[in-house]
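Peer 1: This one is my_file_30.txt, compact mmCIF, C-alpha atoms.
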```txt
# COMPACT_ATOMS: atom_id res chain seq x y z
CA MET U 1 -10.67 -3.14 -12.34
CA ARG U 2 -13.65 -0.81 -11.87
CA ILE U 3 -16.16 -1.58 -9.14
CA ALA U 4 -19.72 -0.32 -8.89
CA TYR U 5 -19.89 0.18 -5.13
CA VAL U 6 -23.51 0.09 -3.94
CA THR U 7 -24.09 1.91 -0.65
CA THR U 8 -26.82 3.56 1.38
CA GLY U 9 -24.45 6.03 3.06
CA ASP U 10 -22.26 8.88 1.87
CA VAL U 11 -18.94 7.05 2.03
CA LEU U 12 -17.33 9.60 -0.25
CA SER U 13 -16.73 12.24 2.40
CA THR U 14 -14.51 14.80 0.63
CA GLN U 15 -13.56 12.47 -2.23
CA THR U 16 -15.28 14.72 -4.75
CA ASN U 17 -12.96 13.58 -7.52
CA ARG U 18 -14.64 10.18 -7.49
CA LYS U 19 -17.49 9.47 -9.86
CA CYS U 20 -20.72 8.94 -7.97
CA TRP U 21 -24.29 8.37 -9.13
CA TRP U 22 -27.02 9.75 -6.87
CA PRO U 23 -30.81 9.55 -7.17
CA LYS U 24 -32.03 12.90 -8.49
CA SER U 25 -34.16 13.52 -5.42
CA ARG U 26 -31.38 12.74 -2.94
CA ARG U 27 -30.95 14.72 0.24
CA ASP U 28 -27.74 15.35 2.13
CA ILE U 29 -27.20 11.79 3.36
CA ARG U 30 -25.03 11.40 6.45
CA SER U 31 -25.11 7.77 7.45
CA VAL U 32 -23.40 5.97 10.29
CA ALA U 33 -21.80 3.98 7.49
CA PHE U 34 -19.63 7.07 6.87
CA LYS U 35 -17.13 5.88 9.48
CA GLY U 36 -18.34 2.31 9.61
CA VAL U 37 -17.96 -0.83 7.59
CA GLU U 38 -18.92 0.61 4.20
CA TYR U 39 -16.52 3.51 4.60
CA HIS U 40 -13.55 1.35 5.61
CA ILE U 41 -14.17 -1.19 2.86
CA ALA U 42 -14.39 1.55 0.23
CA LYS U 43 -11.34 3.41 1.49
CA ASN U 44 -9.19 0.28 1.53
CA LEU U 45 -10.38 -0.95 -1.85
CA GLU U 46 -9.14 2.33 -3.28
CA LYS U 47 -5.86 1.99 -1.37
CA HIS U 48 -5.36 -1.31 -3.17
CA SER U 49 -5.61 0.43 -6.56
CA LEU U 50 -9.23 -0.42 -7.37
CA PHE U 51 -11.39 2.29 -8.93
CA LEU U 52 -14.84 2.71 -7.38
CA ASP U 53 -17.95 4.10 -9.03
CA TYR U 54 -20.26 4.88 -6.12
CA ILE U 55 -23.96 4.14 -6.49
CA VAL U 56 -25.78 5.59 -3.48
CA ILE U 57 -29.27 4.30 -2.78
CA LYS U 58 -31.97 6.54 -1.34
CA SER U 59 -34.41 5.08 1.16
CA ARG U 60 -38.04 5.28 0.09
CA PHE U 61 -40.80 6.26 2.50
CA SER U 62 -44.03 4.32 2.23
CA LEU U 63 -47.21 5.45 3.95
CA ARG U 64 -48.68 1.99 3.38
CA ALA U 65 -45.75 0.35 5.15
CA ALA U 66 -45.93 2.86 8.01
CA LEU U 67 -49.64 2.10 8.55
CA LYS U 68 -49.01 -1.65 8.43
CA ARG U 69 -46.29 -1.31 11.03
CA ARG U 70 -48.72 0.41 13.40
CA PHE U 71 -51.38 -2.20 12.65
CA TYR U 72 -49.14 -5.13 13.52
CA HIS U 73 -47.77 -3.34 16.58
CA TYR U 74 -51.08 -2.38 18.16
CA ILE U 75 -53.29 -5.26 17.02
CA PHE U 76 -50.98 -8.31 17.05
CA LYS U 77 -48.12 -6.97 19.23
CA GLN U 78 -45.70 -8.07 16.52
CA LYS U 79 -42.96 -6.36 14.53
CA TYR U 80 -43.42 -5.52 10.89
CA CYS U 81 -40.55 -4.25 8.69
CA GLY U 82 -41.61 -2.06 5.80
CA TRP U 83 -38.12 -2.20 4.25
CA ALA U 84 -38.73 -5.87 3.42
CA GLU U 85 -41.70 -5.11 1.15
CA PRO U 86 -41.10 -6.32 -2.43
CA PHE U 87 -41.98 -2.93 -3.95
CA ILE U 88 -39.31 -1.26 -1.79
CA ILE U 89 -36.71 -3.92 -2.56
CA LYS U 90 -37.53 -3.61 -6.27
CA ASN U 91 -37.16 0.16 -6.05
CA ARG U 92 -33.67 -0.27 -4.59
CA SER U 93 -32.70 -2.66 -7.38
CA HIS U 94 -34.09 -0.18 -9.91
CA GLN U 95 -31.90 2.56 -8.45
CA VAL U 96 -28.85 0.33 -8.81
CA SER U 97 -29.82 -0.47 -12.41
CA ARG U 98 -30.11 3.22 -13.23
CA GLY U 99 -26.75 3.87 -11.61
CA LEU U 100 -25.08 1.09 -13.60
CA SER U 101 -26.32 2.59 -16.85
CA ASP U 102 -24.20 5.66 -16.14
CA VAL U 103 -20.93 3.89 -15.32
CA ASN U 104 -18.71 1.29 -16.95
CA SER U 105 -17.87 -1.03 -14.07
CA ASP U 106 -16.59 -4.60 -14.17
CA ILE U 107 -18.14 -5.80 -10.90
CA VAL U 108 -21.13 -4.83 -8.78
CA PHE U 109 -20.01 -4.83 -5.14
CA VAL U 110 -22.61 -4.84 -2.36
CA PRO U 111 -21.45 -4.44 1.26
CA GLU U 112 -23.68 -5.46 4.16
CA SER U 113 -26.97 -6.61 2.56
CA VAL U 114 -28.28 -8.07 -0.69
CA ASN U 115 -31.61 -6.24 -0.34
CA THR U 116 -30.39 -3.70 -2.90
CA ILE U 117 -29.77 -6.24 -5.68
CA ALA U 118 -32.41 -8.93 -5.13
CA TYR U 119 -34.26 -7.89 -8.30
CA LEU U 120 -31.27 -6.53 -10.22
CA GLU U 121 -30.57 -7.69 -13.76
CA CYS U 122 -27.12 -6.73 -14.99
CA ARG U 123 -24.25 -8.02 -17.11
CA GLN U 124 -21.65 -7.61 -14.35
CA PRO U 125 -20.98 -10.31 -11.75
CA ILE U 126 -22.36 -9.38 -8.32
CA VAL U 127 -20.28 -9.74 -5.16
CA THR U 128 -21.41 -9.16 -1.58
CA TRP U 129 -19.42 -8.91 1.66
CA SER U 130 -21.35 -8.81 4.92
CA ASP U 131 -21.31 -9.88 8.54
CA THR U 132 -24.45 -12.02 8.42
CA PRO U 133 -27.55 -12.87 6.44
CA PHE U 134 -30.79 -11.55 7.91
CA ALA U 135 -31.69 -15.20 8.42
CA GLY U 136 -29.05 -15.33 11.15
CA LEU U 137 -30.56 -12.35 12.97
CA ILE U 138 -34.21 -13.43 13.01
CA ASN U 139 -35.10 -14.43 16.59
CA TYR U 140 -31.46 -13.74 17.56
CA TYR U 141 -31.23 -9.94 17.57
CA PRO U 142 -33.97 -8.11 19.52
CA TYR U 143 -35.01 -5.92 16.58
CA LEU U 144 -35.79 -9.00 14.49
CA THR U 145 -37.47 -10.97 17.26
CA ASN U 146 -41.24 -11.46 17.36
CA LEU U 147 -41.59 -10.67 13.67
CA CYS U 148 -44.95 -11.03 12.01
CA ARG U 149 -45.11 -13.98 9.63
CA GLU U 150 -45.49 -11.66 6.63
CA THR U 151 -42.20 -9.87 7.27
CA ALA U 152 -40.24 -13.04 8.01
CA LYS U 153 -41.49 -14.66 4.82
CA LYS U 154 -40.54 -11.64 2.71
CA ILE U 155 -37.06 -11.36 4.25
CA TYR U 156 -36.29 -15.00 3.48
CA ALA U 157 -37.65 -14.55 -0.06
CA PHE U 158 -35.65 -11.48 -1.10
CA GLU U 159 -32.50 -12.69 0.63
CA LYS U 160 -32.60 -16.05 -1.11
CA LEU U 161 -33.15 -14.30 -4.44
CA GLY U 162 -30.29 -11.89 -3.77
CA PHE U 163 -27.77 -14.52 -2.75
CA HIS U 164 -28.53 -16.68 -5.77
CA LYS U 165 -27.87 -13.66 -8.01
CA CYS U 166 -24.37 -13.27 -6.55
CA LYS U 167 -21.38 -14.91 -8.17
CA LEU U 168 -19.36 -14.54 -4.98
CA ILE U 169 -20.61 -14.26 -1.39
CA ILE U 170 -18.16 -13.22 1.31
CA PHE U 171 -18.96 -13.32 5.02
CA SER U 172 -16.92 -12.08 7.95
CA SER U 173 -17.41 -15.22 10.05
CA ASP U 174 -17.85 -18.98 9.84
CA TRP U 175 -21.17 -18.69 11.67
CA ALA U 176 -22.62 -16.33 9.06
CA ALA U 177 -21.40 -18.48 6.17
CA ASP U 178 -22.80 -21.68 7.69
CA THR U 179 -26.14 -19.98 8.38
CA ALA U 180 -26.50 -18.76 4.79
CA ILE U 181 -25.45 -22.08 3.23
CA LYS U 182 -27.88 -24.10 5.38
CA THR U 183 -30.78 -21.65 5.07
CA TYR U 184 -30.62 -20.98 1.33
CA GLY U 185 -28.89 -24.05 -0.06
CA LEU U 186 -25.95 -22.06 -1.39
CA ALA U 187 -23.04 -23.79 -3.10
CA GLN U 188 -20.10 -23.81 -0.70
CA SER U 189 -17.75 -23.05 -3.58
CA LYS U 190 -19.10 -19.51 -3.97
CA VAL U 191 -19.14 -18.68 -0.24
CA LYS U 192 -15.89 -17.39 1.27
CA ILE U 193 -14.89 -16.13 4.72
CA VAL U 194 -12.84 -12.96 5.22
CA PRO U 195 -12.99 -11.33 8.69
CA PHE U 196 -13.63 -7.59 8.85
CA GLY U 197 -10.95 -5.26 10.21
CA ALA U 198 -10.91 -2.79 13.08
CA ASN U 199 -12.84 0.45 12.50
CA ILE U 200 -10.08 2.51 14.03
CA SER U 201 -6.92 4.22 12.83
CA SER U 202 -3.92 3.02 14.80
CA GLU U 203 -0.27 3.82 14.22
CA ILE U 204 0.94 1.45 16.94
CA ASP U 205 3.78 -0.82 15.89
CA LYS U 206 5.51 -3.68 17.71
CA ASP U 207 7.87 -1.38 19.64
CA ASN U 208 5.00 0.87 20.73
CA ILE U 209 2.80 -2.00 21.86
CA LEU U 210 5.48 -3.40 24.14
CA SER U 211 5.74 -0.04 25.86
CA ILE U 212 1.95 0.29 26.13
CA ILE U 213 1.54 -3.15 27.69
CA GLU U 214 4.40 -2.57 30.13
CA SER U 215 2.86 0.72 31.28
CA ARG U 216 -0.40 -0.91 32.45
CA THR U 217 -0.83 -1.11 36.20
CA THR U 218 -0.07 -4.36 38.00
CA ASP U 219 -1.75 -3.58 41.34
CA SER U 220 -5.20 -2.67 40.00
CA LEU U 221 -7.31 -3.80 37.06
CA LYS U 222 -9.15 -1.77 34.44
CA LEU U 223 -11.94 -3.45 32.47
CA LEU U 224 -13.41 -1.81 29.38
CA PHE U 225 -17.03 -2.33 28.31
CA PHE U 226 -17.67 -0.99 24.82
CA GLY U 227 -21.23 -1.09 23.51
CA VAL U 228 -24.37 0.95 22.95
CA ASP U 229 -26.97 -1.81 23.39
CA TRP U 230 -26.67 -2.31 27.15
CA GLU U 231 -28.94 -5.33 27.51
CA ARG U 232 -27.82 -7.29 24.43
CA LYS U 233 -24.15 -6.65 25.19
CA GLY U 234 -24.48 -7.98 28.75
CA GLY U 235 -23.80 -4.75 30.60
CA ASP U 236 -25.59 -5.84 33.78
CA PHE U 237 -23.51 -9.03 33.92
CA THR U 238 -20.30 -7.02 33.47
CA ILE U 239 -21.08 -4.91 36.54
CA GLU U 240 -21.59 -8.10 38.57
CA VAL U 241 -18.20 -9.40 37.43
CA THR U 242 -16.58 -6.13 38.50
CA LYS U 243 -18.27 -6.24 41.90
CA GLU U 244 -17.07 -9.79 42.51
CA LEU U 245 -13.47 -8.96 41.53
CA ASN U 246 -13.42 -6.11 44.03
CA LYS U 247 -14.86 -8.36 46.72
CA SER U 248 -12.10 -10.89 46.04
CA GLY U 249 -9.47 -8.27 46.85
CA LEU U 250 -8.49 -7.20 43.33
CA PRO U 251 -9.12 -3.43 42.94
CA THR U 252 -11.03 -3.21 39.67
CA GLU U 253 -12.46 -0.29 37.69
CA LEU U 254 -15.04 -0.75 34.96
CA VAL U 255 -15.09 1.90 32.23
CA ILE U 256 -18.27 1.98 30.13
CA VAL U 257 -18.05 3.48 26.65
CA GLY U 258 -20.93 3.69 24.20
CA GLY U 259 -24.25 3.87 25.95
CA GLN U 260 -25.72 4.55 29.38
CA PRO U 261 -26.28 1.68 31.82
CA VAL U 262 -29.92 0.65 32.05
CA THR U 263 -30.37 -0.08 35.75
CA SER U 264 -32.52 1.09 38.62
CA ASP U 265 -29.66 0.60 41.10
CA GLN U 266 -27.09 3.24 41.87
CA LEU U 267 -23.82 2.50 40.16
CA PRO U 268 -20.89 1.57 42.43
CA PRO U 269 -18.02 4.09 42.67
CA PHE U 270 -15.73 1.78 40.71
CA VAL U 271 -17.95 2.03 37.61
CA LYS U 272 -17.10 4.98 35.35
CA VAL U 273 -19.50 5.92 32.54
CA ILE U 274 -17.88 7.75 29.61
CA GLY U 275 -20.80 7.65 27.18
CA PHE U 276 -20.58 7.74 23.40
CA LEU U 277 -17.28 8.69 21.80
CA ASN U 278 -17.23 9.77 18.17
CA LYS U 279 -14.01 8.64 16.49
CA ALA U 280 -14.43 11.39 13.89
CA ILE U 281 -14.01 14.05 16.60
CA LYS U 282 -10.38 14.65 17.57
CA GLU U 283 -11.01 15.06 21.31
CA ASP U 284 -13.14 11.91 21.49
CA LYS U 285 -10.61 9.93 19.48
CA GLU U 286 -7.79 11.00 21.82
CA LYS U 287 -9.86 10.06 24.87
CA LEU U 288 -10.62 6.65 23.37
CA ASP U 289 -6.96 6.18 22.51
CA THR U 290 -5.98 6.77 26.14
CA LEU U 291 -8.64 4.39 27.46
CA LEU U 292 -7.55 1.63 25.12
CA LYS U 293 -3.91 2.01 26.09
CA GLU U 294 -4.71 1.85 29.82
CA SER U 295 -7.25 -1.01 29.82
CA HIS U 296 -6.26 -4.57 30.65
CA PHE U 297 -9.26 -6.41 29.18
CA LEU U 298 -12.23 -5.73 26.96
CA ILE U 299 -15.18 -7.52 28.54
CA LEU U 300 -18.32 -7.99 26.48
CA PRO U 301 -20.51 -10.91 27.61
CA THR U 302 -22.89 -10.25 24.75
CA ARG U 303 -26.01 -12.35 24.31
CA ALA U 304 -26.07 -11.95 20.52
CA GLU U 305 -23.37 -10.69 18.13
CA ALA U 306 -23.12 -10.96 14.36
CA TYR U 307 -19.44 -9.99 14.38
CA GLY U 308 -18.02 -7.36 16.75
CA HIS U 309 -15.52 -4.84 15.33
CA VAL U 310 -14.76 -3.72 18.87
CA PHE U 311 -12.82 -6.94 19.48
CA CYS U 312 -10.55 -6.14 16.55
CA GLU U 313 -10.13 -2.59 17.84
CA ALA U 314 -9.19 -3.84 21.31
CA ASN U 315 -6.62 -6.23 19.81
CA ALA U 316 -5.12 -3.26 17.92
CA TYR U 317 -4.07 -1.94 21.34
CA GLY U 318 -2.93 -5.29 22.70
CA ILE U 319 -6.08 -5.80 24.78
CA PRO U 320 -7.26 -9.41 25.24
CA CYS U 321 -11.02 -9.86 24.85
CA LEU U 322 -13.43 -11.69 27.17
CA ALA U 323 -16.66 -12.57 25.41
CA THR U 324 -19.29 -15.23 24.83
CA ASN U 325 -19.12 -18.07 22.34
CA THR U 326 -21.95 -16.88 20.14
CA GLY U 327 -22.58 -15.66 16.60
CA GLY U 328 -19.53 -14.49 14.67
CA ILE U 329 -17.31 -13.90 17.72
CA PRO U 330 -15.44 -17.26 17.56
CA THR U 331 -14.00 -16.26 14.17
CA ILE U 332 -12.33 -13.28 15.87
CA ILE U 333 -11.40 -14.53 19.33
CA LYS U 334 -9.30 -17.65 19.83
CA ASP U 335 -8.84 -18.97 23.38
CA GLY U 336 -5.36 -18.29 24.66
CA VAL U 337 -4.42 -16.32 21.55
CA ASN U 338 -6.28 -13.03 21.79
CA GLY U 339 -8.71 -13.61 24.61
CA LYS U 340 -11.14 -16.09 26.09
CA LEU U 341 -14.60 -17.27 25.07
CA PHE U 342 -17.16 -18.27 27.68
CA SER U 343 -20.41 -20.15 27.22
CA THR U 344 -23.53 -18.01 27.09
CA ASP U 345 -24.60 -19.43 30.48
CA ALA U 346 -21.20 -18.96 32.16
CA SER U 347 -21.32 -17.70 35.74
CA VAL U 348 -19.81 -14.53 37.17
CA SER U 349 -17.30 -16.66 39.08
CA GLU U 350 -16.02 -18.28 35.86
CA TYR U 351 -15.12 -14.87 34.44
CA CYS U 352 -13.59 -13.77 37.74
CA HIS U 353 -11.45 -16.89 38.16
CA TYR U 354 -10.03 -16.54 34.68
CA ILE U 355 -9.28 -12.83 35.10
CA TYR U 356 -7.80 -13.23 38.58
CA ASP U 357 -5.56 -16.17 37.64
CA LEU U 358 -4.20 -14.46 34.53
CA PHE U 359 -3.73 -11.07 36.17
CA SER U 360 -1.93 -12.66 39.13
CA ASP U 361 0.76 -13.88 36.73
CA PHE U 362 1.39 -10.63 34.89
CA SER U 363 4.05 -12.17 32.64
CA LYS U 364 1.37 -14.48 31.20
CA TYR U 365 -0.97 -11.54 30.83
CA LYS U 366 1.68 -9.64 28.85
CA GLU U 367 2.19 -12.64 26.56
CA LEU U 368 -1.53 -12.77 25.84
CA ALA U 369 -1.68 -9.00 25.28
CA LEU U 370 1.17 -9.15 22.77
CA SER U 371 -0.40 -12.14 21.06
CA SER U 372 -3.66 -10.17 20.82
CA PHE U 373 -1.84 -7.35 19.03
CA ASN U 374 -0.28 -9.86 16.62
CA GLU U 375 -3.77 -11.14 15.74
CA TYR U 376 -4.76 -7.60 14.82
CA ARG U 377 -1.59 -7.00 12.83
CA THR U 378 -1.75 -10.27 10.85
CA ARG U 379 -5.47 -11.00 10.57
CA LEU U 380 -7.90 -8.44 11.98
CA ASN U 381 -7.15 -5.22 10.08
CA TRP U 382 -8.74 -3.78 6.95
CA SER U 383 -5.58 -3.85 4.86
CA VAL U 384 -5.18 -7.62 5.25
CA ALA U 385 -8.92 -8.19 4.76
CA VAL U 386 -9.25 -6.12 1.59
CA ARG U 387 -6.11 -7.66 0.12
CA ALA U 388 -7.78 -11.07 0.44
CA VAL U 389 -11.02 -9.75 -1.06
CA LYS U 390 -9.18 -8.13 -3.96
CA LYS U 391 -7.68 -11.53 -4.82
CA LEU U 392 -11.16 -13.07 -4.77
CA LEU U 393 -12.50 -10.29 -7.02
CA MET U 394 -9.76 -10.92 -9.56
CA GLU U 395 -10.81 -14.58 -9.69
CA VAL U 396 -14.44 -13.61 -10.38
CA LEU U 397 -13.58 -11.80 -13.64
```
Write the structure described by the file as C-alpha cells, please.
Peer 2:
Amino acid sequence: MRIAYVTTGDVLSTQTNRKCWWPKSRRDIRSVAFKGVEYHIAKNLEKHSLFLDYIVIKSRFSLRAALKRRFYHYIFKQKYCGWAEPFIIKNRSHQVSRGLSDVNSDIVFVPESVNTIAYLECRQPIVTWSDTPFAGLINYYPYLTNLCRETAKKIYAFEKLGFHKCKLIIFSSDWAADTAIKTYGLAQSKVKIVPFGANISSEIDKDNILSIIESRTTDSLKLLFFGVDWERKGGDFTIEVTKELNKSGLPTELVIVGGQPVTSDQLPPFVKVIGFLNKAIKEDKEKLDTLLKESHFLILPTRAEAYGHVFCEANAYGIPCLATNTGGIPTIIKDGVNGKLFSTDASVSEYCHYIYDLFSDFSKYKELALSSFNEYRTRLNWSVAVRAVKKLLMEVL
C-alpha cells in the first residue's frame, strides 16, 4: 500500500531516500511537526511496512488577509483567521492535487486537519486522523475564542466540506468524534477512534519500571507540571495545590517544564522552573528522562485540552496523571487505572485529599503507577495506535 502523506512540516528529516513532492517555491521548512504528531505518525506508518509519498504544503501569505486581521482586531476587537479564507484553502487543495499527479498512491492520508483537502478532487480515498475538529476548539481554546462571524462561518464551511470528502475519519478521542458527528451530521460508520501515542522514545520495559517506581521517595512528593500555555493548563491552580500540600505536612516540590509561570507573586522555594526542554537535544532529553523517573504525579488541571500527549508520556514512565474531565482527556485517563480526573470546578482541597490519601499508602500508589505504565504499553503508544490505523486503511481499499 502506498500512501500520499499530506503535511505542512518537514517530517522527512534525513529520510532523503523517500519520494517527496514539494512546491517549487518552497523554503527550508522546519515545523514543530518535525518531532510532533505528524512525524510520529509518519515514522510508525513506515515501520509497519507502508510506503509514504510525502506531499508537503507551503503556507501562502496574503496581504488582504493580513489587513483584514488588523481591521477586525482594531475596529471590532475580534479575531480573524486568514488561513480560513476559501482562496487559501483552495490553494492548499491545489497543491495536494499537483502533488498527487506526480505520485502513484492508493490513499490520501491527512493528519491533523482537513483544511488541505476541502476542495480536493482525486480518485484515491481520503483518510484523516486528528485530535479534534476546529468546531470543537471554537470558544473552547483561547486562540479560537471571540472569533468574528466571518471566520467562524468559513471554518465550519470548509471543515464540513473536508469531512464529507473523507472516506474514513479517525479521531484520537471520543469527545472529538462526538463533536464532529453532531456538528456536521457525519455517518457514525465512517468515524473511528484511535488514541494517539506518546511523543517520546522510551526503552523502559516491565523490569525497568518496577525499579523506577521503587526508587521514588516515600517521605517527600514531587509533582510535575508539563505545559507551555500557563493559563490554559491551570498553572496557577497547580501552585495552590502544592502550597496546600506543604501546609498539610507533606513536603512537596513542584517542577515546571515547558513555559514560564505567569504570576506577579514571587514563586515559593518549593517551585522549580525548568523551562522548555527540546526532546531532539540529547542533554534536554536526558534531563527530561530523569525528571520523569523521579516524579510521583503529573498534575495538569487544564481548562481546555483537545487531547494531551503529555499524559501518554507520563504513563510511559509509570506516572499517574491528575487532570480535569474536559475535552479529549477522558479517553486517555481512566480513574483508578492511570490517574484521576477531577471536575473543572474542583477545589484545591479535592486534589490535595486525593494525593495525600494515595501517597500515604505507598503500596497503593505503586499499584497505580504500574497500572499507568501498562496503559502506555497496551494502549497509549504509537506502535499500537498505528497498527490499528493500518487495519482501518486496509479496509478502506
Peer 1: Within 10 Å of segment 358-364 of chain U, which residues of segment 212-287 of chain U show up? Give each one with its shortest atom-to-atom distance in Å (one decimal) and the two atoms involved, counting only C-alpha atoms, rows by chain then rising residue number, as a tab-separated table.
Peer 2:
```
residue	atom	partner	partner_atom	distance
U:Glu214	CA	U:Phe362	CA	9.8
U:Thr217	CA	U:Phe362	CA	9.9
U:Thr218	CA	U:Phe362	CA	7.1
U:Asp219	CA	U:Phe359	CA	9.3
U:Ser220	CA	U:Phe359	CA	9.3
U:Leu221	CA	U:Phe359	CA	8.2
U:Leu250	CA	U:Phe359	CA	9.4
```
Peer 1: How would the residues just chosen look if you wrote them out with C-alpha atoms as a PDB file, keeping the file's coordinate frame?
Peer 2:
```
ATOM      1  CA  GLU U 214       4.400  -2.570  30.130  1.00  0.00           C
ATOM      2  CA  THR U 217      -0.830  -1.110  36.200  1.00  0.00           C
ATOM      3  CA  THR U 218      -0.070  -4.360  38.000  1.00  0.00           C
ATOM      4  CA  ASP U 219      -1.750  -3.580  41.340  1.00  0.00           C
ATOM      5  CA  SER U 220      -5.200  -2.670  40.000  1.00  0.00           C
ATOM      6  CA  LEU U 221      -7.310  -3.800  37.060  1.00  0.00           C
ATOM      7  CA  LEU U 250      -8.490  -7.200  43.330  1.00  0.00           C
TER       8      LEU U 250
END
```
Peer 1: At a cut-off of 7 Å, can you tabulate as CSV every residue of segment 130-232 of chain U near segment 319-329 of chain U together with its closest atom pair and the distance in Å to one decimal, using all atoms listed in the file and ordering rows by chain then number?
Peer 2:
```
residue,atom,partner,partner_atom,distance
U:Ser173,CA,U:Gly328,CA,5.1
U:Asp174,CA,U:Gly328,CA,6.8
U:Trp175,CA,U:Gly328,CA,5.4
U:Ala176,CA,U:Gly328,CA,6.7
```
Peer 1: Closest to Ile170 of chain U among U:Ala369, U:Leu186, U:Cys122, U:Val127, using only C-alpha atoms?
Peer 2: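 Answer, going by the shortest atom-to-atom distance: U:Val127.
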Peer 1: Determine the nearest neighbour of Leu300 of chain U from the options U:Thr263, U:Thr238, U:Thr183, U:Ser97, counting only C-alpha atoms.
Peer 2: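 Among U:Thr263, U:Thr238, U:Thr183, U:Ser97, it is U:Thr238 that comes nearest to Leu300 of chain U.
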Peer 1: In Å to one decimal, how far is atom CA of Leu161 of chain U from atom CA of Thr128 of chain U?
Peer 2: 13.1 Å
Peer 1: Tell me, as a short mmCIF file (atom, residue, chain, number, x, y, z; two decimals) with C-alpha atoms, keeping the file's coordinate frame, which residues lie within 12 Å of Gly197 of chain U, counting only C-alpha atoms; anything in the same chain fewer than 3 positions away does not count.
Peer 2:
```
data_model
loop_
_atom_site.label_atom_id
_atom_site.label_comp_id
_atom_site.auth_asym_id
_atom_site.auth_seq_id
_atom_site.Cartn_x
_atom_site.Cartn_y
_atom_site.Cartn_z
CA GLY U 36 -18.34 2.31 9.61
CA VAL U 37 -17.96 -0.83 7.59
CA GLU U 38 -18.92 0.61 4.20
CA TYR U 39 -16.52 3.51 4.60
CA HIS U 40 -13.55 1.35 5.61
CA ILE U 41 -14.17 -1.19 2.86
CA ASN U 44 -9.19 0.28 1.53
CA ASP U 131 -21.31 -9.88 8.54
CA SER U 172 -16.92 -12.08 7.95
CA SER U 173 -17.41 -15.22 10.05
CA VAL U 194 -12.84 -12.96 5.22
CA ILE U 200 -10.08 2.51 14.03
CA SER U 201 -6.92 4.22 12.83
CA SER U 202 -3.92 3.02 14.80
CA TYR U 307 -19.44 -9.99 14.38
CA GLY U 308 -18.02 -7.36 16.75
CA HIS U 309 -15.52 -4.84 15.33
CA VAL U 310 -14.76 -3.72 18.87
CA PHE U 311 -12.82 -6.94 19.48
CA CYS U 312 -10.55 -6.14 16.55
CA GLU U 313 -10.13 -2.59 17.84
CA ALA U 314 -9.19 -3.84 21.31
CA ASN U 315 -6.62 -6.23 19.81
CA ALA U 316 -5.12 -3.26 17.92
CA ILE U 332 -12.33 -13.28 15.87
CA GLU U 375 -3.77 -11.14 15.74
CA TYR U 376 -4.76 -7.60 14.82
CA ARG U 377 -1.59 -7.00 12.83
CA THR U 378 -1.75 -10.27 10.85
CA ARG U 379 -5.47 -11.00 10.57
CA LEU U 380 -7.90 -8.44 11.98
CA ASN U 381 -7.15 -5.22 10.08
CA TRP U 382 -8.74 -3.78 6.95
CA SER U 383 -5.58 -3.85 4.86
CA VAL U 384 -5.18 -7.62 5.25
CA ALA U 385 -8.92 -8.19 4.76
CA VAL U 386 -9.25 -6.12 1.59
CA ARG U 387 -6.11 -7.66 0.12
CA ALA U 388 -7.78 -11.07 0.44
#
```
Peer 1: Would you work out the distance separating atom CA of Ser295 of chain U from atom CA of Leu224 of chain U, expressed in Å to one decimal?
Peer 2: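 Computed distance, atom CA of Ser295 of chain U to atom CA of Leu224 of chain U, equals 6.2 Å.
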Peer 1: Which polymer residues have any atom within 12 Å of an atom of segment 269-271 of chain U, counting only C-alpha atoms, with same-chain residues fewer than 3 positions away left out, as a PyMOL selection string?
Peer 2: chain U and resi 220-225+235-236+238-247+250-257+260-261+266+274
